[in-house]
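Novice: Following this line is structure-v1.txt, made up of compact mmCIF, C-alpha atoms:
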```txt
# COMPACT_ATOMS: atom_id res chain seq x y z
CA MET A 1 25.22 -75.34 10.62
CA ARG A 2 24.70 -73.49 13.81
CA LEU A 3 24.66 -69.69 13.80
CA SER A 4 26.58 -67.68 16.31
CA ASN A 5 24.83 -65.37 18.71
CA GLU A 6 26.05 -62.31 16.78
CA ALA A 7 24.61 -63.69 13.53
CA LYS A 8 21.29 -64.43 15.19
CA VAL A 9 21.09 -60.88 16.59
CA GLY A 10 21.96 -59.38 13.20
CA LEU A 11 19.39 -61.54 11.40
CA LEU A 12 16.74 -60.57 13.94
CA VAL A 13 17.51 -56.87 13.55
CA MET A 14 17.39 -57.06 9.73
CA THR A 15 14.13 -58.99 9.79
CA SER A 16 12.54 -56.55 12.25
CA PHE A 17 13.66 -53.54 10.21
CA THR A 18 12.28 -55.05 6.99
CA LEU A 19 8.96 -55.83 8.61
CA PHE A 20 8.82 -52.31 10.04
CA ILE A 21 9.38 -50.75 6.60
CA VAL A 22 6.72 -52.96 5.01
CA LEU A 23 4.27 -52.25 7.81
CA VAL A 24 4.79 -48.47 7.56
CA GLY A 25 4.25 -48.61 3.81
CA LEU A 26 1.06 -50.60 4.17
CA LEU A 27 -0.29 -48.34 6.90
CA THR A 28 0.56 -45.23 4.90
CA LYS A 29 -1.13 -46.56 1.81
CA PHE A 30 -4.14 -47.60 3.85
CA ASN A 31 -4.44 -44.19 5.53
CA ILE A 32 -4.04 -42.31 2.25
CA SER A 33 -6.68 -44.41 0.56
CA GLN A 34 -9.03 -43.61 3.41
CA LYS A 35 -8.36 -39.83 3.39
CA GLY A 36 -8.24 -38.89 -0.27
CA TYR A 37 -9.36 -39.65 -3.82
CA ARG A 38 -7.59 -40.15 -7.15
CA LEU A 39 -7.99 -38.32 -10.45
CA HIS A 40 -6.67 -39.25 -13.90
CA VAL A 41 -5.23 -36.29 -15.82
CA TYR A 42 -4.05 -36.85 -19.42
CA PHE A 43 -1.04 -34.92 -20.76
CA GLY A 44 0.75 -35.02 -24.10
CA PHE A 45 4.02 -33.64 -22.71
CA LEU A 46 5.20 -33.97 -19.11
CA ASN A 47 8.31 -31.73 -19.16
CA ASP A 48 10.17 -34.04 -16.75
CA LEU A 49 7.30 -34.39 -14.27
CA ARG A 50 8.09 -37.11 -11.72
CA VAL A 51 6.12 -39.33 -9.36
CA GLY A 52 5.76 -37.63 -5.99
CA ALA A 53 5.55 -34.12 -7.45
CA PRO A 54 3.15 -31.91 -5.45
CA VAL A 55 -0.30 -30.81 -6.56
CA LYS A 56 -1.07 -27.18 -5.68
CA ILE A 57 -4.00 -24.79 -5.99
CA GLY A 58 -2.97 -21.47 -7.46
CA GLY A 59 0.70 -22.38 -7.13
CA GLY A 60 0.58 -22.18 -3.34
CA ILE A 61 -1.63 -24.55 -1.34
CA LYS A 62 -0.53 -28.18 -1.52
CA ILE A 63 -3.55 -30.47 -1.82
CA GLY A 64 -1.97 -33.73 -3.02
CA TYR A 65 0.77 -35.32 -5.09
CA VAL A 66 1.46 -37.33 -8.26
CA ASP A 67 0.81 -40.94 -7.29
CA GLU A 68 1.51 -42.71 -10.60
CA ILE A 69 2.50 -42.01 -14.22
CA ARG A 70 1.61 -44.47 -16.97
CA GLN A 71 1.18 -44.47 -20.72
CA THR A 72 -2.35 -44.79 -22.10
CA GLY A 73 -2.48 -44.74 -25.89
CA GLU A 74 -1.20 -41.43 -27.24
CA LYS A 75 -1.65 -39.69 -23.92
CA THR A 76 0.18 -40.06 -20.62
CA ASP A 77 -2.07 -40.82 -17.66
CA VAL A 78 -0.95 -38.91 -14.56
CA VAL A 79 -2.72 -40.25 -11.48
CA LEU A 80 -3.18 -37.59 -8.81
CA TRP A 81 -3.96 -38.23 -5.16
CA ILE A 82 -6.06 -35.37 -3.73
CA ASP A 83 -6.76 -34.80 -0.06
CA LYS A 84 -10.43 -35.39 0.69
CA GLY A 85 -10.63 -31.99 2.40
CA TYR A 86 -10.42 -30.31 -1.02
CA ARG A 87 -13.34 -30.70 -3.40
CA LEU A 88 -12.37 -29.67 -6.92
CA SER A 89 -14.87 -28.30 -9.40
CA LYS A 90 -15.35 -30.10 -12.70
CA ALA A 91 -14.41 -26.80 -14.37
CA ALA A 92 -10.92 -26.89 -12.79
CA THR A 93 -7.90 -26.89 -15.11
CA PHE A 94 -4.65 -28.81 -14.58
CA SER A 95 -1.25 -27.59 -15.83
CA ILE A 96 2.41 -28.50 -15.30
CA PHE A 97 4.36 -25.61 -13.75
CA THR A 98 7.92 -25.13 -12.52
CA SER A 99 8.89 -23.64 -9.16
CA GLY A 100 11.19 -20.77 -10.13
CA MET A 101 13.49 -21.04 -13.15
CA ILE A 102 14.96 -24.50 -12.56
CA GLY A 103 12.91 -25.72 -9.60
CA GLU A 104 10.79 -28.83 -9.23
CA LYS A 105 7.80 -29.53 -11.43
CA TYR A 106 4.32 -29.61 -9.94
CA ILE A 107 0.69 -29.83 -11.00
CA ASN A 108 -1.05 -26.48 -10.75
CA VAL A 109 -4.83 -26.46 -10.32
CA VAL A 110 -6.84 -23.39 -11.31
CA ILE A 111 -10.50 -23.18 -10.30
CA PRO A 112 -12.33 -20.54 -12.39
CA PRO A 113 -15.27 -18.59 -10.98
CA MET A 114 -18.32 -20.82 -11.20
CA SER A 115 -21.15 -19.25 -13.17
CA GLU A 116 -23.33 -22.30 -12.63
CA ASP A 117 -23.34 -25.45 -10.54
CA VAL A 118 -21.20 -27.91 -12.55
CA GLY A 119 -20.54 -30.29 -9.69
CA PHE A 120 -17.34 -31.70 -8.20
CA LEU A 121 -14.76 -34.24 -9.32
CA ASN A 122 -14.98 -37.66 -7.73
CA ASP A 123 -12.62 -40.59 -7.34
CA GLY A 124 -11.61 -42.02 -10.74
CA ASP A 125 -12.74 -39.03 -12.86
CA ILE A 126 -10.72 -38.14 -15.97
CA LYS A 127 -9.53 -34.66 -16.94
CA TYR A 128 -7.37 -33.41 -19.83
CA GLY A 129 -4.48 -31.24 -18.70
CA ILE A 130 -2.82 -28.30 -20.43
CA ASP A 131 0.57 -29.29 -21.87
CA PRO A 132 3.50 -27.03 -20.89
CA ALA A 133 5.51 -25.27 -23.59
CA SER A 134 9.03 -26.69 -23.85
CA PHE A 135 12.13 -24.77 -24.88
CA ASP A 136 12.69 -27.11 -27.83
CA GLN A 137 9.17 -26.49 -29.10
CA MET A 138 9.69 -22.73 -28.86
CA MET A 139 12.94 -23.02 -30.82
CA GLN A 140 11.21 -25.10 -33.48
CA THR A 141 8.44 -22.52 -33.75
CA PHE A 142 11.02 -19.75 -34.00
CA GLN A 143 12.89 -21.57 -36.75
CA SER A 144 9.70 -22.19 -38.71
CA PHE A 145 8.84 -18.52 -38.34
CA MET A 146 12.27 -17.63 -39.73
CA GLN A 147 11.51 -19.63 -42.91
CA ASP A 148 13.60 -22.67 -41.99
CA LYS A 149 16.87 -20.72 -41.78
CA SER A 150 19.70 -22.07 -39.69
CA GLY A 151 20.86 -20.42 -36.51
CA ALA A 152 24.11 -19.26 -38.13
CA GLN A 153 22.21 -17.53 -40.95
CA ILE A 154 19.90 -15.81 -38.47
CA LEU A 155 22.84 -14.55 -36.40
CA ALA A 156 24.64 -13.34 -39.54
CA GLU A 157 21.57 -11.37 -40.62
CA ILE A 158 21.23 -9.86 -37.15
CA PHE A 159 24.86 -8.69 -37.20
CA GLN A 160 24.47 -7.28 -40.72
CA ASN A 161 21.36 -5.34 -39.74
CA SER A 162 23.12 -4.05 -36.63
CA ASN A 163 26.06 -2.82 -38.72
CA LYS A 164 23.70 -1.07 -41.15
CA PHE A 165 21.88 0.59 -38.27
CA VAL A 166 25.14 1.88 -36.77
CA ALA A 167 26.32 3.14 -40.18
CA ASN A 168 23.04 4.99 -40.77
CA LEU A 169 23.22 6.49 -37.30
CA ASN A 170 26.77 7.75 -37.90
CA LYS A 171 25.73 9.20 -41.27
CA MET A 172 22.80 11.01 -39.71
CA VAL A 173 25.05 12.47 -37.01
CA ASP A 174 27.61 13.64 -39.61
CA GLU A 175 24.96 15.26 -41.79
CA ASN A 176 23.34 17.11 -38.91
CA ARG A 177 26.48 17.89 -36.97
CA TYR A 178 26.30 21.65 -37.77
CA ASP A 179 22.66 21.88 -36.72
CA VAL A 180 23.37 19.94 -33.57
CA ARG A 181 26.28 22.20 -32.68
CA GLN A 182 24.20 25.30 -33.39
CA SER A 183 21.36 24.00 -31.21
CA VAL A 184 23.77 23.18 -28.42
CA GLY A 185 25.34 26.64 -28.71
CA THR A 186 21.94 28.33 -28.57
CA ALA A 187 20.92 26.28 -25.55
CA ARG A 188 24.22 27.08 -23.83
CA ALA A 189 23.79 30.84 -24.47
CA ALA A 190 20.23 30.70 -23.13
CA ILE A 191 21.43 28.93 -20.00
CA VAL A 192 24.18 31.52 -19.45
CA THR A 193 21.69 34.41 -19.90
CA PHE A 194 19.22 32.83 -17.53
CA SER A 195 21.98 32.27 -14.97
CA GLN A 196 23.01 35.94 -15.16
CA GLN A 197 19.41 37.14 -14.81
CA LEU A 198 18.89 34.84 -11.88
CA GLN A 199 22.02 36.17 -10.21
CA GLN A 200 20.84 39.78 -10.71
CA PHE A 201 17.44 38.90 -9.29
CA MET A 202 19.03 37.36 -6.21
CA GLN A 203 21.17 40.48 -5.70
CA GLN A 204 18.07 42.69 -5.91
CA MET A 205 16.28 40.48 -3.41
CA ASN A 206 19.24 40.79 -1.04
CA VAL A 207 19.14 44.61 -1.33
CA ILE A 208 15.38 44.67 -0.66
CA SER A 209 15.83 42.41 2.34
CA LYS A 210 18.56 44.65 3.77
CA ASN A 211 16.41 47.78 3.24
CA MET A 212 13.46 46.17 5.00
CA ALA A 213 15.70 45.20 7.89
CA TYR A 214 17.09 48.77 8.12
CA ILE A 215 13.64 50.34 8.03
CA SER A 216 12.39 47.97 10.69
CA GLU A 217 15.39 48.68 12.94
CA LYS A 218 15.15 52.46 12.48
CA ASN A 219 11.42 52.75 13.20
CA ARG A 220 11.29 50.15 15.90
CA GLU A 221 10.89 52.76 18.68
CA ASP A 222 8.18 54.69 16.79
CA ILE A 223 6.32 51.49 16.05
CA THR A 224 6.50 50.52 19.73
CA ILE A 225 5.12 53.92 20.84
CA THR A 226 2.33 53.74 18.27
CA LEU A 227 1.33 50.30 19.46
CA GLN A 228 1.30 51.48 23.08
CA ASN A 229 -0.90 54.46 22.15
CA LEU A 230 -3.28 52.17 20.30
CA SER A 231 -3.41 49.90 23.32
CA GLU A 232 -4.19 52.82 25.67
CA LEU A 233 -6.82 54.16 23.25
CA THR A 234 -8.46 50.77 23.07
CA SER A 235 -8.48 50.53 26.86
CA SER A 236 -10.09 53.98 27.17
CA MET A 237 -12.74 53.13 24.60
CA ASN A 238 -13.52 49.93 26.50
CA LYS A 239 -13.95 51.91 29.73
CA ILE A 240 -16.24 54.45 28.03
CA ALA A 241 -18.33 51.68 26.50
CA TYR A 242 -18.55 49.99 29.89
CA ARG A 243 -19.73 53.21 31.60
CA LEU A 244 -22.29 53.85 28.88
CA GLU A 245 -23.56 50.29 29.15
CA LYS A 246 -23.95 50.63 32.95
CA GLY A 247 -25.70 54.02 32.62
CA ARG A 248 -22.97 56.01 34.34
CA GLY A 249 -22.16 59.65 33.55
CA THR A 250 -24.29 62.14 31.67
CA MET A 251 -24.30 60.22 28.40
CA GLY A 252 -24.99 56.95 30.18
CA LYS A 253 -27.94 58.37 32.08
CA LEU A 254 -29.21 60.03 28.92
CA LEU A 255 -29.17 56.67 27.14
CA TYR A 256 -30.59 54.48 29.92
CA ASP A 257 -32.64 56.83 32.28
CA GLU A 258 -36.16 57.20 30.81
CA GLU A 259 -37.11 60.10 33.12
CA ILE A 260 -34.20 62.28 32.01
CA TYR A 261 -34.98 61.42 28.42
CA THR A 262 -38.67 62.43 28.91
CA ASN A 263 -37.74 65.71 30.61
CA ILE A 264 -35.33 66.65 27.87
CA ARG A 265 -37.95 65.83 25.25
CA ASP A 266 -40.63 67.93 27.01
CA ALA A 267 -38.19 70.83 27.38
CA SER A 268 -37.37 70.60 23.72
CA ILE A 269 -41.07 70.71 22.79
CA SER A 270 -41.71 73.71 25.08
CA ALA A 271 -38.73 75.58 23.64
CA LYS A 272 -39.95 74.86 20.14
CA GLU A 273 -43.43 76.28 20.99
CA LEU A 274 -41.87 79.36 22.62
CA PHE A 275 -39.68 80.10 19.62
CA SER A 276 -42.70 79.68 17.37
CA ARG A 277 -44.75 82.22 19.38
CA LEU A 278 -41.85 84.67 19.52
CA GLU A 279 -41.48 84.39 15.81
CA LYS A 280 -45.15 85.38 15.41
CA ASP A 281 -45.15 88.08 18.12
CA PRO A 282 -41.70 89.41 19.16
CA SER A 283 -43.31 91.85 21.61
CA LEU A 284 -43.75 89.00 24.03
CA LEU A 285 -40.10 89.53 25.01
CA LEU A 286 -40.92 93.11 26.20
CA PHE A 287 -44.45 92.92 27.50
CA LYS A 288 -46.00 90.30 29.66
CA GLN A 289 -49.09 88.83 28.19
CA LYS A 290 -52.28 89.57 30.09
CA LYS A 291 -54.43 86.63 31.05
```
Take the structure from the file and write it as structure tokens.
Specialist:
Amino acid sequence: MRLSNEAKVGLLVMTSFTLFIVLVGLLTKFNISQKGYRLHVYFGFLNDLRVGAPVKIGGGIKIGYVDEIRQTGEKTDVVLWIDKGYRLSKAATFSIFTSGMIGEKYINVVIPPMSEDVGFLNDGDIKYGIDPASFDQMMQTFQSFMQDKSGAQILAEIFQNSNKFVANLNKMVDENRYDVRQSVGTARAAIVTFSQQLQQFMQQMNVISKNMAYISEKNREDITITLQNLSELTSSMNKIAYRLEKGRGTMGKLLYDEEIYTNIRDASISAKELFSRLEKDPSLLLFKQKK
């Protein structure tokens, strides 16, 4: 039976596409095997982990993926492909985490601080992972903790305890209602008193502020004159100090001219001697002393 041209073209396209898919798969597998290594991690519970799930360090950096999942005795062997650019310590731990609340599962790798050189994991090494806690296991643990009681019994006890708590709370409020009212009344009276005192204080502050403004307005001219006088006095003092510093005037020359100072000192000494002689012999004022 001869095929039509359309059938031949279709068969050629299907064959080429199939060969392309097979070739891509082979090349991908070949490249991966050349660029990474595989680890065997044993888990007792997978929590719906699937082939192709990512492998991350610290929940962030993707370093590989789950290549294969197979049963080995009582444990499940999860084969991980790890990029060769990441060398994992033999002290690393492997856990199954979930992205968000209902996100995809992934293998989380935690590398603890190395206190000593323990070496690195190599291709084919085996590690035991940390099993994730499932919701069913938590419920079973909770039920065993509640002494094997059913969920209905637990809920009934919760409602009964809640009703007792509300009843006790109402009883406590009824018994202490008078004290509560008295305390509220006292607090209210204290608040009213404080509010009145605060209002009086604010009124007094307003009066003081007005008085200060009145005093300032009334004495503004006197204050201005006083400031001007102080300014003129300061200017005069500066001029006097300048003249004294430059040796001008009688006081300036007296302070800075050594000759005037010496003459005044000699005159003072001579006057002192004269007064001393007159004190001893007053007749010197009337008669001239003979040489």
Novice: Given all atoms listed in the file as the basis, pick out the residue of A:Met14, A:Ile61, A:Ala190, A:Leu80 nearest to Gly36 in chain A.
Specialist: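 That would be A:Leu80, the residue with the smallest distance to Gly36 in chain A.
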Novice: Give me the residues within 9 Å of Asp125 in chain A as a CSV table (one decimal) with C-alpha atoms, keeping the file's coordinate frame, counting all atoms listed in the file and dropping any in the same chain fewer than 3 places off.
Specialist:
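Printed below is part-v7.csv as written:
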```
chain,number,residue,atom,x,y,z
A,38,ARG,CA,-7.6,-40.2,-7.2
A,39,LEU,CA,-8.0,-38.3,-10.4
A,40,HIS,CA,-6.7,-39.2,-13.9
A,41,VAL,CA,-5.2,-36.3,-15.8
A,121,LEU,CA,-14.8,-34.2,-9.3
A,122,ASN,CA,-15.0,-37.7,-7.7
```
Novice: Quick one, how far is CA of Thr93 in chain A from CA of Tyr37 in chain A?
Specialist: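 Distance reported for this atom pair: 17.1 Å.
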Novice: Neighbours of Gly73 in chain A within 12 Å (only C-alpha atoms; same-chain residues fewer than 5 positions away dropped), as a list in words?
Specialist: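 Here the qualifying residues turn out to be Tyr42, Phe43 and Gly44 of chain A.
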Novice: Using C-alpha atoms, can you export the residues from the last selection as a PDB file, in the coordinates of the input?
Specialist:
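Just written: again_36.pdb:
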```pdb
ATOM      1  CA  TYR A  42      -4.050 -36.850 -19.420  1.00  0.00           C
ATOM      2  CA  PHE A  43      -1.040 -34.920 -20.760  1.00  0.00           C
ATOM      3  CA  GLY A  44       0.750 -35.020 -24.100  1.00  0.00           C
TER       4      GLY A  44
END
```
Novice: So that I can see what lies close to range 87-91 of chain A, please list as a list in words the residues with an atom at most 8 Å from it, counting only C-alpha atoms and leaving out residues fewer than 4 positions away in the same chain.
Specialist: Ile111, Pro112, Met114, Val118, Gly119, Phe120 and Leu121 of chain A
Novice: Please provide as a CSV table (one decimal) with C-alpha atoms, in the coordinates of the input all residues within 9 Å of Asn47 in chain A, with the sequence filter that same-chain residues fewer than 6 positions apart are discarded (counting only C-alpha atoms).
Specialist:
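Saved file selection.csv follows:
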```csv
chain,number,residue,atom,x,y,z
A,96,ILE,CA,2.4,-28.5,-15.3
A,105,LYS,CA,7.8,-29.5,-11.4
A,131,ASP,CA,0.6,-29.3,-21.9
A,132,PRO,CA,3.5,-27.0,-20.9
A,133,ALA,CA,5.5,-25.3,-23.6
A,134,SER,CA,9.0,-26.7,-23.8
```
